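Student: Below is one structure. I have some questions about it.
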Amino acid sequence: MTGSVPLLPQQQGRMFVADGGIETHLIFNEGFDFPYFTVFELLDREGGPEALRAYYAPYLDIARRAGHGFVFDTNTWRANPDWGAMVGYDADRLRRVNIGAVELCRDIARDFEAAGVPTLVSGAMGPRRDAWQYDGVMSIAEALDYHAPQVAAFAEAKADLVTILTLTNVPEAIGVARLAEEAGLPCVISFTLETDGHLPGGKPLGEAITAVEEATNAYPAYYMINCVHPIHFASTIRHGGDWVDRIGGLRVNASMKSHAELDESPELDIGDWQDLAQRYQRLLPLLPNIRVIGGCCGTDHRHIDAICRVCLPAVPE
């Protein structure tokens with residue numbers, strides 16, 4: 001990392017709690033209608049900011065009881081040009097919603113800080129195309145061009161970092177890391193995995209992380225795994241190499257189903273949050289530098305609460 005970019009608290013050993021799967025929770029549990037998982041539209045809907053405040057409210061007590069910080073990933077996973085255009089958002093509206101999402105999270109964070117919970121606001125990004133299928137045509141140049149406006153918006157809003165989630169390919173990861181460096185923002189790269197523990201398309205996780213490290217001079221603050229159940233990648237981690245030490249966060253799925261099975265399911269599979277917590281606990285000794293614990297599809301505050309109770313015992317009052 002360049003000297004002009006400050007180290008994140010996670011890189012200095014501080015642990016943070018993250019939320020669950022905001023898209024699946026709001027759509028399936030709260031009844032919102034967001035085509036293509038475009039939850040960023042919430043900011044433009046009547047009562048939307050209040051709904052987002054209500055969404056985050058349970059996490060304050062979870063993080064406070066665990067005695068750790070909380071990282072807000074903005075509701076902007078699909079606030080990028082192609083997905084935005086599908087719901088009528090042009091470049092100007094996307095810039096405004098990305099900036100607004102950071103500002104709203106910063107405002108909500110004041111309640112956390114007042115309760116003694118340190119916070120970070122991460123500008124959340126997603127891939128250009130399908131988040132669960134290998135993007136074999138993505139190039140670094142395309143990633144640089146496509147993701148530049150969103151990274152610029154997060155820099156303008158003074159986000160603490162940017163996090164790109166559910167990545168399926170290496171070139172897109174490299175492009176985002178380079179954009180973040182140019183903007184002076186720390187970044188986190190999060191890959192999604194299939195049931196065999198490899199990226200969609202078959203690339204081993206270790207090879208993907210190593211390729212990004214080599215192409216960016218190890219710029220990412222750390223890497224994460226998201227949108228996959230622990231049962232599908234525990235063996236990958238257990239038999240991994242030095243690259244495992246670069247994994248700093250997990251945001252896992254509630255369901256043991258594959259991405260293809262989840263895509264075809266008309267109902268949300270929330271799994272068993274107590275079992276998920278136990279699996280999380282068994283993974284942590286294999287990941288010595290984990291500093292962010294959260295969830296993805298199908299998870300909500302109940303899952304994160306169970307995980308924190310098992311993995312992050314409550315601190316004395």
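Each chain of the structure tokens is named A, B, ... in the order shown, its residues numbered from 1; ligands are numbered from 1 in display order.
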Taking 6 positions as the minimum chain separation for residues in the same chain, which residues sit within 9 Å of A:Ala173 when counting only C-alpha atoms? Answer as a VMD selection string.

Tutor: chain A and resid 140 143 164 167 189 to 191 212

Student: Suppose we keep C-alpha atoms; can you now write the selection as a compact mmCIF listing (two decimals), in the first residue's frame?

Tutor:
# COMPACT_ATOMS: atom_id res chain seq x y z
CA ILE A 140 -8.47 -4.69 -16.94
CA ALA A 143 -12.82 -2.56 -15.51
CA ILE A 164 -16.06 -4.82 -4.41
CA LEU A 167 -16.19 -10.89 -8.02
CA ILE A 189 -11.43 -7.36 -2.97
CA SER A 190 -14.04 -10.03 -2.30
CA PHE A 191 -14.36 -13.10 -4.50
CA VAL A 212 -4.11 -9.56 -8.05

Student: Per residue of stretch 191-310 of chain A within 12 Å of stretch 133-137 of chain A, note the shortest atom pair and the distance in Å to one decimal, counting only C-alpha atoms, and order the rows by chain and increasing residue number, as a Markdown table.

Tutor:
| residue | atom | partner | partner_atom | distance |
| --- | --- | --- | --- | --- |
| A:Phe191 | CA | A:Tyr134 | CA | 11.3 |
| A:Thr192 | CA | A:Gln133 | CA | 9.7 |
| A:Leu193 | CA | A:Gln133 | CA | 9.9 |
| A:Glu194 | CA | A:Gln133 | CA | 9.4 |
| A:His198 | CA | A:Tyr134 | CA | 10.9 |
| A:Leu199 | CA | A:Tyr134 | CA | 7.6 |
| A:Pro200 | CA | A:Tyr134 | CA | 4.7 |
| A:Gly201 | CA | A:Tyr134 | CA | 4.9 |
| A:Gly202 | CA | A:Tyr134 | CA | 8.4 |
| A:Lys203 | CA | A:Tyr134 | CA | 9.6 |
| A:Ser258 | CA | A:Gln133 | CA | 11.5 |
| A:His259 | CA | A:Gln133 | CA | 8.7 |
| A:Ala260 | CA | A:Gln133 | CA | 9.1 |
| A:Asp263 | CA | A:Gln133 | CA | 11.2 |

Student: Go through A:Asp44, A:Glu214, A:Asp269, A:Glu113 one by one, measure the shortest atom-to-atom distance of each to A:His68 using only C-alpha atoms, and give the residue with the smallest value.

Tutor: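 For A:His68, the nearest of the given residues is A:Glu113.
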
Student: Run DSSP on the backbone and give me the residues of stretch 5-185 of chain A it puts in strand (DSSP E), as a ChimeraX atom specification.

Tutor: /A:16-17,69-73,119-125,161-167

Student: Which residue is closest to A:Gly298? Choose from A:Val121, A:Ala51, A:Ala234, A:Ile270 and count only C-alpha atoms.

Tutor: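 Of A:Val121, A:Ala51, A:Ala234, A:Ile270, the one nearest A:Gly298 is A:Ile270, counting only C-alpha atoms.
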
Student: Of the residues A:Pro171, A:Pro186, A:Pro35, A:Gly206, which is the one nearest to A:Ala159, using only C-alpha atoms?

Tutor: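 Ranking A:Pro171, A:Pro186, A:Pro35, A:Gly206 by distance to A:Ala159, first place goes to A:Pro186.
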
Student: Quick one: of A:Pro49, A:Pro285, A:Gly249, A:Gly20, who's nearest to A:His303, counting only C-alpha atoms?

Tutor: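 Comparing A:Pro49, A:Pro285, A:Gly249, A:Gly20 against A:His303, the winner is A:Gly20.
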
Student: If we count only C-alpha atoms and set the cut-off at 9 Å, which residues sit around A:Leu104, ignoring sequence neighbours fewer than 6 positions away in its own chain? Please answer as an MDAnalysis selection string.

Tutor: chainID A and resid 43 49 52:53 74

Student: Residues of the last selection are to be written out with C-alpha atoms, as a PDB file, in the first residue's frame.

Tutor:
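The file below, out.pdb, is the result:
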ATOM      1  CA  LEU A  43     -32.532   6.162  -1.198  1.00  0.00           C
ATOM      2  CA  PRO A  49     -33.748   6.464   4.484  1.00  0.00           C
ATOM      3  CA  LEU A  52     -32.328   1.845   6.042  1.00  0.00           C
ATOM      4  CA  ARG A  53     -32.000   3.196   9.578  1.00  0.00           C
ATOM      5  CA  THR A  74     -23.369   0.994   1.478  1.00  0.00           C
TER       6      THR A  74
END

Student: Please provide as a ChimeraX atom specification all residues within 9 Å of A:Ser139, with the sequence filter that same-chain residues fewer than 6 positions apart are discarded (counting only C-alpha atoms).

Tutor: /A:170-172,175

Student: When you draw a straight line from atom CA of A:Phe112 to atom CA of A:Pro58, how long is it in Å?

Tutor: 10.8 Å

Student: Of the residues A:Asp160, A:Glu207, A:Glu181, A:Asp145, which is the one nearest to A:Gly123, using only C-alpha atoms?

Tutor: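 Between A:Asp160, A:Glu207, A:Glu181, A:Asp145, the residue approaching A:Gly123 most closely is A:Asp160.
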